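S.K.: Take a look at final.txt, compact mmCIF, C-alpha atoms:
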# COMPACT_ATOMS: atom_id res chain seq x y z
CA MET P 1 93.79 93.82 104.25
CA SER P 2 97.12 95.55 103.56
CA ASN P 3 97.34 98.14 100.80
CA LEU P 4 101.13 97.97 100.60
CA VAL P 5 102.44 97.75 97.03
CA THR P 6 105.39 95.38 97.23
CA PRO P 7 107.76 94.70 94.31
CA ASP P 8 106.33 91.19 93.88
CA LEU P 9 102.74 92.47 93.91
CA LEU P 10 103.61 95.17 91.39
CA LYS P 11 105.23 92.61 89.11
CA SER P 12 102.14 90.40 89.25
CA ARG P 13 99.84 93.33 88.40
CA LEU P 14 101.92 94.68 85.50
CA LYS P 15 100.22 92.15 83.25
CA ASP P 16 97.15 94.40 83.51
CA LEU P 17 99.01 97.10 81.58
CA PRO P 18 99.10 96.91 77.79
CA ALA P 19 102.53 96.67 76.21
CA LEU P 20 104.14 99.98 75.36
CA PRO P 21 104.08 100.40 71.54
CA ALA P 22 107.36 98.96 70.27
CA VAL P 23 108.20 102.00 68.16
CA VAL P 24 107.73 104.32 71.16
CA ALA P 25 109.95 102.20 73.41
CA GLU P 26 112.63 102.02 70.72
CA LEU P 27 112.58 105.76 70.09
CA ILE P 28 112.80 106.60 73.79
CA THR P 29 115.85 104.37 74.14
CA SER P 30 117.33 105.97 71.01
CA ILE P 31 117.45 109.48 72.51
CA GLY P 32 121.07 110.59 72.40
CA ASN P 33 121.82 108.13 69.59
CA ASP P 34 122.76 110.17 66.54
CA THR P 35 122.76 107.12 64.28
CA VAL P 36 118.93 106.99 64.12
CA THR P 37 117.68 108.13 60.69
CA SER P 38 114.39 109.20 59.16
CA ASP P 39 114.27 105.84 57.36
CA ASP P 40 114.56 104.08 60.72
CA ILE P 41 111.60 106.03 62.12
CA ALA P 42 109.53 105.56 58.97
CA ALA P 43 110.23 101.82 58.94
CA LYS P 44 109.22 101.46 62.58
CA LEU P 45 106.06 103.54 62.11
CA SER P 46 105.04 101.54 59.04
CA LYS P 47 104.19 98.72 61.46
CA ASP P 48 101.81 100.97 63.44
CA LEU P 49 99.48 102.73 61.00
CA ALA P 50 97.36 104.36 63.70
CA LEU P 51 100.39 105.97 65.32
CA SER P 52 101.76 106.97 61.93
CA ALA P 53 98.48 108.73 61.10
CA LYS P 54 98.45 110.49 64.50
CA THR P 55 102.04 111.65 64.01
CA LEU P 56 101.19 113.17 60.62
CA ARG P 57 98.09 114.84 62.07
CA MET P 58 100.24 116.45 64.76
CA ALA P 59 102.85 117.50 62.20
CA ASN P 60 100.09 119.23 60.23
CA SER P 61 98.60 120.94 63.29
CA SER P 62 98.51 124.72 63.66
CA PHE P 63 101.34 124.43 66.20
CA TYR P 64 103.85 124.08 63.37
CA GLY P 65 102.08 126.44 60.97
CA MET P 66 102.94 124.51 57.81
CA SER P 67 102.01 126.27 54.56
CA ARG P 68 101.42 122.92 52.87
CA GLN P 69 100.23 119.46 53.88
CA ILE P 70 102.87 116.99 55.06
CA GLU P 71 102.06 113.61 53.52
CA THR P 72 104.77 111.21 54.76
CA ILE P 73 106.97 110.62 57.78
CA GLN P 74 110.10 111.19 55.65
CA GLU P 75 108.69 114.55 54.57
CA ALA P 76 107.88 115.44 58.18
CA VAL P 77 111.50 114.72 59.14
CA THR P 78 112.77 116.87 56.27
CA VAL P 79 110.54 119.82 57.20
CA LEU P 80 110.45 119.58 61.01
CA GLY P 81 113.66 117.73 61.81
CA LEU P 82 114.37 114.25 63.11
CA ARG P 83 114.26 115.18 66.80
CA THR P 84 110.91 116.95 66.51
CA VAL P 85 109.33 113.99 64.74
CA ARG P 86 110.74 111.60 67.32
CA ASN P 87 109.10 113.70 70.06
CA LEU P 88 105.81 113.67 68.12
CA VAL P 89 105.87 109.89 67.83
CA ILE P 90 106.68 109.43 71.53
CA ALA P 91 103.97 111.87 72.62
CA GLY P 92 101.40 110.42 70.24
CA GLY P 93 102.18 106.86 71.27
CA LEU P 94 102.10 107.51 75.01
CA THR P 95 98.90 109.57 75.04
CA SER P 96 97.00 106.89 73.09
CA TRP P 97 98.69 104.03 74.89
CA PHE P 98 95.60 102.55 76.55
CA THR P 99 92.02 103.20 77.57
CA PRO P 100 91.64 104.01 81.29
CA PRO P 101 89.68 101.41 83.29
CA ALA P 102 86.14 102.45 84.19
CA SER P 103 86.72 101.51 87.82
CA THR P 104 89.28 104.25 88.53
CA ASP P 105 88.59 107.71 89.96
CA PHE P 106 91.91 108.96 88.63
CA ASN P 107 91.61 112.02 86.35
CA PHE P 108 93.45 110.91 83.20
CA HIS P 109 92.57 114.10 81.31
CA ALA P 110 94.28 116.24 83.96
CA PHE P 111 97.16 113.76 84.13
CA TRP P 112 97.97 114.10 80.43
CA ARG P 113 97.54 117.87 80.43
CA HIS P 114 100.07 118.10 83.26
CA ALA P 115 102.40 115.67 81.45
CA ILE P 116 102.27 117.74 78.25
CA GLY P 117 102.84 120.91 80.27
CA THR P 118 105.84 119.36 82.02
CA ALA P 119 107.24 118.16 78.68
CA LEU P 120 107.01 121.67 77.24
CA CYS P 121 108.49 123.20 80.40
CA GLY P 122 111.31 120.65 80.34
CA GLN P 123 112.04 121.37 76.70
CA ALA P 124 111.97 125.16 77.13
CA LEU P 125 114.01 125.13 80.36
CA ALA P 126 116.62 122.81 78.83
CA GLN P 127 117.03 125.21 75.92
CA GLU P 128 117.58 128.10 78.35
CA ILE P 129 120.25 126.34 80.42
CA ASP P 130 121.99 124.52 77.56
CA MET P 131 120.78 120.98 78.24
CA ASP P 132 119.28 118.39 75.89
CA ALA P 133 115.84 119.76 75.01
CA ASP P 134 114.62 116.46 73.56
CA MET P 135 115.50 114.63 76.74
CA GLY P 136 113.78 117.39 78.73
CA PHE P 137 110.60 116.95 76.67
CA THR P 138 110.56 113.16 76.89
CA VAL P 139 111.32 112.85 80.60
CA GLY P 140 108.80 115.60 81.32
CA LEU P 141 106.20 113.58 79.45
CA LEU P 142 107.14 110.39 81.32
CA HIS P 143 107.86 111.71 84.81
CA ASP P 144 104.53 110.72 86.41
CA ILE P 145 104.09 107.41 84.60
CA GLY P 146 104.01 105.76 88.02
CA GLN P 147 100.70 107.50 88.77
CA MET P 148 99.15 105.88 85.72
CA THR P 149 100.60 102.50 86.63
CA LEU P 150 99.26 102.64 90.17
CA SER P 151 95.81 103.90 89.13
CA CYS P 152 95.46 101.13 86.54
CA CYS P 153 97.06 98.21 88.35
CA PHE P 154 95.67 99.11 91.79
CA PRO P 155 92.42 101.02 91.09
CA ASP P 156 90.74 100.29 94.44
CA GLU P 157 93.84 101.12 96.46
CA TYR P 158 94.47 104.28 94.45
CA THR P 159 90.93 105.44 95.10
CA GLN P 160 91.87 105.32 98.78
CA VAL P 161 94.98 107.37 97.98
CA LEU P 162 92.87 110.07 96.33
CA LEU P 163 90.47 110.07 99.27
CA HIS P 164 93.37 110.37 101.73
CA ARG P 165 94.77 113.31 99.78
CA GLN P 166 91.41 115.08 99.82
CA THR P 167 90.77 114.36 103.50
CA HIS P 168 94.22 115.40 104.70
CA ASP P 169 94.82 118.19 102.16
CA CYS P 170 98.29 116.89 101.36
CA MET P 171 100.56 116.27 98.39
CA LEU P 172 99.63 113.24 96.27
CA ILE P 173 103.01 111.64 96.89
CA ASP P 174 102.46 111.87 100.67
CA ALA P 175 99.03 110.26 100.32
CA GLU P 176 100.56 107.44 98.27
CA LEU P 177 103.20 106.78 100.91
CA ALA P 178 100.60 106.80 103.69
CA VAL P 179 98.23 104.39 101.96
CA LEU P 180 100.47 102.25 99.74
CA GLY P 181 103.87 102.38 101.39
CA THR P 182 105.42 103.56 98.13
CA ASP P 183 104.92 106.42 95.70
CA HIS P 184 104.51 107.09 92.00
CA ALA P 185 108.10 108.30 91.54
CA ALA P 186 109.57 105.05 92.84
CA ILE P 187 107.06 102.98 90.86
CA GLY P 188 107.72 105.08 87.75
CA GLY P 189 111.42 104.36 88.05
CA GLN P 190 110.70 100.63 88.26
CA ILE P 191 108.47 100.83 85.18
CA ALA P 192 111.11 102.76 83.23
CA GLU P 193 113.67 100.14 84.20
CA HIS P 194 111.24 97.38 83.19
CA TRP P 195 110.92 99.05 79.78
CA ARG P 196 114.74 99.20 79.56
CA PHE P 197 115.02 102.96 79.36
CA SER P 198 118.46 104.46 79.87
CA PRO P 199 119.71 104.76 83.48
CA VAL P 200 119.55 108.59 83.35
CA VAL P 201 115.85 108.44 82.38
CA VAL P 202 115.14 105.89 85.11
CA GLU P 203 116.91 108.09 87.68
CA ALA P 204 115.10 111.27 86.57
CA ILE P 205 111.69 109.61 86.90
CA ALA P 206 112.47 107.86 90.19
CA HIS P 207 113.90 110.95 91.92
CA HIS P 208 111.98 113.87 90.43
CA HIS P 209 110.32 114.57 93.79
CA ALA P 210 113.60 114.29 95.73
CA PRO P 211 116.29 115.89 93.58
CA ALA P 212 119.06 115.67 96.19
CA MET P 213 122.30 117.20 95.00
CA HIS P 214 124.13 113.87 95.14
CA HIS P 215 122.13 113.02 92.01
CA GLY P 216 123.59 116.16 90.49
CA PRO P 217 121.65 119.14 89.16
CA GLY P 218 121.32 117.43 85.78
CA LEU P 219 118.32 115.59 84.37
CA VAL P 220 116.83 114.88 87.82
CA GLY P 221 116.91 118.58 88.64
CA LEU P 222 115.55 119.53 85.23
CA THR P 223 112.65 117.10 85.60
CA HIS P 224 111.86 118.38 89.09
CA MET P 225 111.92 121.99 87.92
CA ALA P 226 109.77 121.27 84.86
CA ASP P 227 107.23 119.47 87.05
CA ALA P 228 107.12 122.40 89.49
CA LEU P 229 106.77 124.96 86.69
CA SER P 230 103.93 123.00 85.06
CA HIS P 231 102.12 122.80 88.40
CA GLY P 232 102.78 126.48 89.03
CA LEU P 233 101.22 127.41 85.68
CA GLY P 234 98.14 125.33 86.57
CA LEU P 235 98.18 123.51 83.24
CA SER P 236 96.37 120.37 84.44
CA GLY P 237 93.17 122.35 85.04
CA LEU P 238 92.73 120.91 88.54
CA GLU P 239 91.50 123.34 91.19
CA ASP P 240 93.61 121.79 93.97
CA GLU P 241 96.93 121.75 92.12
CA TYR P 242 99.95 121.67 94.42
CA VAL P 243 103.39 123.04 93.55
CA PRO P 244 106.20 120.85 94.92
CA ILE P 245 108.85 122.62 96.99
CA THR P 246 112.13 123.00 95.10
CA PRO P 247 115.33 122.67 97.18
CA PRO P 248 117.31 125.95 97.08
CA ALA P 249 120.40 124.21 95.66
CA ILE P 250 118.39 122.80 92.73
CA TRP P 251 116.73 126.17 92.14
CA ALA P 252 120.12 127.90 92.06
CA ALA P 253 121.58 125.30 89.71
CA MET P 254 118.69 125.00 87.27
CA SER P 255 117.10 128.46 87.08
CA PRO P 256 117.70 130.77 84.13
CA LYS P 257 117.71 134.57 84.55
CA PRO P 258 114.41 136.16 85.72
CA ASP P 259 113.62 137.68 82.33
CA ALA P 260 114.22 134.30 80.68
CA PHE P 261 111.74 132.76 83.11
CA MET P 262 109.01 135.14 81.97
CA GLN P 263 109.76 134.33 78.35
CA LEU P 264 109.67 130.61 79.18
CA PHE P 265 106.25 130.95 80.83
CA ALA P 266 104.86 132.82 77.84
CA LYS P 267 106.33 130.31 75.41
CA VAL P 268 104.87 127.30 77.20
CA GLU P 269 101.45 128.90 77.62
CA ASN P 270 101.35 129.83 73.93
CA GLN P 271 102.26 126.28 72.90
CA PHE P 272 100.23 124.32 75.42
CA GLU P 273 96.64 124.31 74.14
CA CYS P 274 97.78 123.82 70.57
CA VAL P 275 99.81 120.73 71.51
CA CYS P 276 96.94 119.34 73.62
CA GLN P 277 94.56 119.82 70.72
CA ALA P 278 96.93 118.08 68.31
CA LEU P 279 97.26 115.16 70.74
CA GLN P 280 93.49 115.15 71.36
CA ILE P 281 93.94 115.73 75.10
So, in terms of structure tokens, how does the structure I just supplied come out?

M.R.:
Amino acid sequence: MSNLVTPDLLKSRLKDLPALPAVVAELITSIGNDTVTSDDIAAKLSKDLALSAKTLRMANSSFYGMSRQIETIQEAVTVLGLRTVRNLVIAGGLTSWFTPPASTDFNFHAFWRHAIGTALCGQALAQEIDMDADMGFTVGLLHDIGQMTLSCCFPDEYTQVLLHRQTHDCMLIDAELAVLGTDHAAIGGQIAEHWRFSPVVVEAIAHHHAPAMHHGPGLVGLTHMADALSHGLGLSGLEDEYVPITPPAIWAAMSPKPDAFMQLFAKVENQFECVCQALQI
């Protein structure tokens, strides 16, 4: 029996995934839209009380060091800023999106720790090289969404992928291609397109493992670098973590100065466990 994941087969299996929370999908598509207001976010969150409560819990976490309790979403926006709250809602919504199936061997805890690490690396790196830090955070959080899709929609096949990776001591993306005929980056791009994310987000997710210069050293390069940095810092907690090879042209285009790199590493490591704790990862 073939393990190939064809577009038609993927489409038929997507029904196994729960719908992305509407407020999360809307906020992701609103990135770069300066017309979004705190009232818009509060109105959207009022329809999802669980996510609203999680957002406030994160806003009151030690990461932000508030001297007083934040009681409402509007207050959180006033104190923390609209962009920060939008990132909190997106992170909170994605990390509580669904319960992993019992049949999978995929390590969801490590997956989310790496995703949070990549989001923080993307945010910090974007700030250093004068790119959109919010976009860096969000795409970092989303970049491996194809792994989750494959592990949930194709649990038996993905178990074979994980076994192939272990047996051949190779990168996960190479094991996916060998077993499934596709990989999580391509699948992630299809999912992002299915959710109607902006073309730049779709491209960054789909090409984060192959940031060829014809895509430009922009968001694709930033996502690739953030992924590599998160792997390099070992934030997932996995013992067999691999660091993807960064093309020299992307490294030259996206790297800050050496001393800024050290500050970036320290910043991300100082933030990481606090953010994971707030998100209950």

S.K.: What is the distance, in Å and to one decimal place, between CA of Ile116 in chain P and CA of Lys257 in chain P?

M.R.: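 We find that CA of Ile116 in chain P and CA of Lys257 in chain P lie 23.7 Å from each other.
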
S.K.: Taking into account only C-alpha atoms, which residue in the set P:Gly136, P:Pro199, P:Gly218, P:Gly117 is nearest to Leu235 in chain P?

M.R.: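 Selected residue with least distance to Leu235 in chain P: P:Gly117.
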
S.K.: Restricting the calculation to all atoms listed in the file: of P:Ala102, P:Leu9, P:Ala260, P:Met135, which residue gets closest to Ser198 in chain P?

M.R.: P:Met135

S.K.: Each residue of range 72-156 of chain P lying at most 12 Å from range 202-214 of chain P should get a row with its shortest atom-to-atom pair and the distance in Å to one decimal, counting all atoms listed in the file; could you produce that, ordered by chain and increasing number, as CSV?

M.R.:
residue,atom,partner,partner_atom,distance
P:Thr118,CA,P:His208,CA,11.8
P:Gly122,CA,P:Ala204,CA,11.9
P:Met135,CA,P:Ala204,CA,10.4
P:Gly136,CA,P:Ala204,CA,10.0
P:Thr138,CA,P:Ile205,CA,10.7
P:Val139,CA,P:Ile205,CA,7.1
P:Gly140,CA,P:Ile205,CA,8.7
P:Leu141,CA,P:Ile205,CA,10.1
P:Leu142,CA,P:Ile205,CA,7.2
P:His143,CA,P:Ile205,CA,4.8
P:Asp144,CA,P:Ile205,CA,7.3
P:Ile145,CA,P:Ile205,CA,8.2
P:Gly146,CA,P:Ile205,CA,8.7
P:Gln147,CA,P:Ile205,CA,11.3

S.K.: With distances taken over only C-alpha atoms, which residue among P:Asn3, P:Val268, P:Asn107, P:Val220 lies nearest Asp156 in chain P?

M.R.: P:Asn3

S.K.: Would you please work out which residue, of P:Val243, P:Cys121, P:Leu17, P:Leu56, is nearest to Ala226 in chain P when using only C-alpha atoms?

M.R.: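 Of P:Val243, P:Cys121, P:Leu17, P:Leu56, the one nearest Ala226 in chain P, counting only C-alpha atoms, is P:Cys121.
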
S.K.: Nearest residue to His109 in chain P out of P:Pro7, P:Ser61, P:Thr95, P:Ala53, using only C-alpha atoms?

M.R.: P:Thr95

S.K.: Rank P:Leu45, P:Gln280, P:Leu222, P:Pro18 by their smallest atom-to-atom distance to Ala124 in chain P, using all atoms listed in the file, and report the top residue only.

M.R.: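 When distances to Ala124 in chain P are compared using all atoms listed in the file, the smallest one comes from P:Leu222.
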
S.K.: CA of Ser38 in chain P to CA of Val77 in chain P: how many Å, to one decimal?

M.R.: 6.2 Å

S.K.: Report the distance between CA of Tyr64 in chain P and CA of Val85 in chain P in Å, rounded to one decimal place.

M.R.: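 Answer for the CA of Tyr64 in chain P to CA of Val85 in chain P separation: 11.6 Å.
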
S.K.: If we count all atoms listed in the file and set the cut-off at 9 Å, which residues sit around Ala110 in chain P, ignoring sequence neighbours fewer than 6 positions away in its own chain? Please answer as a CSV table (one decimal) with C-alpha atoms, in the coordinates of the input.

M.R.:
chain,number,residue,atom,x,y,z
P,235,LEU,CA,98.2,123.5,83.2
P,236,SER,CA,96.4,120.4,84.4
P,237,GLY,CA,93.2,122.4,85.0
P,238,LEU,CA,92.7,120.9,88.5
P,281,ILE,CA,93.9,115.7,75.1

S.K.: May I have the protein, DNA and RNA residues with any atom at most 12 Å from the point (96.1, 112.8, 62.0), counting only C-alpha atoms, written as a PyMOL selection string?

M.R.: chain P and resi 49-61+69-73+88-89+92+277-280

S.K.: Can you write just those residues out, C-alpha atoms, as a CSV table (one decimal), in the frame of the given file?

M.R.:
chain,number,residue,atom,x,y,z
P,49,LEU,CA,99.5,102.7,61.0
P,50,ALA,CA,97.4,104.4,63.7
P,51,LEU,CA,100.4,106.0,65.3
P,52,SER,CA,101.8,107.0,61.9
P,53,ALA,CA,98.5,108.7,61.1
P,54,LYS,CA,98.4,110.5,64.5
P,55,THR,CA,102.0,111.6,64.0
P,56,LEU,CA,101.2,113.2,60.6
P,57,ARG,CA,98.1,114.8,62.1
P,58,MET,CA,100.2,116.4,64.8
P,59,ALA,CA,102.8,117.5,62.2
P,60,ASN,CA,100.1,119.2,60.2
P,61,SER,CA,98.6,120.9,63.3
P,69,GLN,CA,100.2,119.5,53.9
P,70,ILE,CA,102.9,117.0,55.1
P,71,GLU,CA,102.1,113.6,53.5
P,72,THR,CA,104.8,111.2,54.8
P,73,ILE,CA,107.0,110.6,57.8
P,88,LEU,CA,105.8,113.7,68.1
P,89,VAL,CA,105.9,109.9,67.8
P,92,GLY,CA,101.4,110.4,70.2
P,277,GLN,CA,94.6,119.8,70.7
P,278,ALA,CA,96.9,118.1,68.3
P,279,LEU,CA,97.3,115.2,70.7
P,280,GLN,CA,93.5,115.2,71.4

S.K.: If you count all atoms listed in the file, which residues fall within 12 Å of Met148 in chain P, apart from same-chain ones fewer than 4 positions away, as JSON, numbers by chain?

M.R.: {"P": [14, 16, 17, 18, 94, 95, 97, 98, 99, 100, 101, 104, 105, 106, 107, 108, 109, 110, 111, 112, 115, 142, 143, 144, 152, 153, 154, 155, 158, 183, 184, 185, 187, 188, 191]}

S.K.: Please write the residues from the selection above to a file, keeping C-alpha atoms, as a PDB file, in the frame of the given file.

M.R.:
ATOM      1  CA  LEU P  14     101.920  94.680  85.500  1.00  0.00           C
ATOM      2  CA  ASP P  16      97.150  94.400  83.510  1.00  0.00           C
ATOM      3  CA  LEU P  17      99.010  97.100  81.580  1.00  0.00           C
ATOM      4  CA  PRO P  18      99.100  96.910  77.790  1.00  0.00           C
ATOM      5  CA  LEU P  94     102.100 107.510  75.010  1.00  0.00           C
ATOM      6  CA  THR P  95      98.900 109.570  75.040  1.00  0.00           C
ATOM      7  CA  TRP P  97      98.690 104.030  74.890  1.00  0.00           C
ATOM      8  CA  PHE P  98      95.600 102.550  76.550  1.00  0.00           C
ATOM      9  CA  THR P  99      92.020 103.200  77.570  1.00  0.00           C
ATOM     10  CA  PRO P 100      91.640 104.010  81.290  1.00  0.00           C
ATOM     11  CA  PRO P 101      89.680 101.410  83.290  1.00  0.00           C
ATOM     12  CA  THR P 104      89.280 104.250  88.530  1.00  0.00           C
ATOM     13  CA  ASP P 105      88.590 107.710  89.960  1.00  0.00           C
ATOM     14  CA  PHE P 106      91.910 108.960  88.630  1.00  0.00           C
ATOM     15  CA  ASN P 107      91.610 112.020  86.350  1.00  0.00           C
ATOM     16  CA  PHE P 108      93.450 110.910  83.200  1.00  0.00           C
ATOM     17  CA  HIS P 109      92.570 114.100  81.310  1.00  0.00           C
ATOM     18  CA  ALA P 110      94.280 116.240  83.960  1.00  0.00           C
ATOM     19  CA  PHE P 111      97.160 113.760  84.130  1.00  0.00           C
ATOM     20  CA  TRP P 112      97.970 114.100  80.430  1.00  0.00           C
ATOM     21  CA  ALA P 115     102.400 115.670  81.450  1.00  0.00           C
ATOM     22  CA  LEU P 142     107.140 110.390  81.320  1.00  0.00           C
ATOM     23  CA  HIS P 143     107.860 111.710  84.810  1.00  0.00           C
ATOM     24  CA  ASP P 144     104.530 110.720  86.410  1.00  0.00           C
ATOM     25  CA  CYS P 152      95.460 101.130  86.540  1.00  0.00           C
ATOM     26  CA  CYS P 153      97.060  98.210  88.350  1.00  0.00           C
ATOM     27  CA  PHE P 154      95.670  99.110  91.790  1.00  0.00           C
ATOM     28  CA  PRO P 155      92.420 101.020  91.090  1.00  0.00           C
ATOM     29  CA  TYR P 158      94.470 104.280  94.450  1.00  0.00           C
ATOM     30  CA  ASP P 183     104.920 106.420  95.700  1.00  0.00           C
ATOM     31  CA  HIS P 184     104.510 107.090  92.000  1.00  0.00           C
ATOM     32  CA  ALA P 185     108.100 108.300  91.540  1.00  0.00           C
ATOM     33  CA  ILE P 187     107.060 102.980  90.860  1.00  0.00           C
ATOM     34  CA  GLY P 188     107.720 105.080  87.750  1.00  0.00           C
ATOM     35  CA  ILE P 191     108.470 100.830  85.180  1.00  0.00           C
TER      36      ILE P 191
END
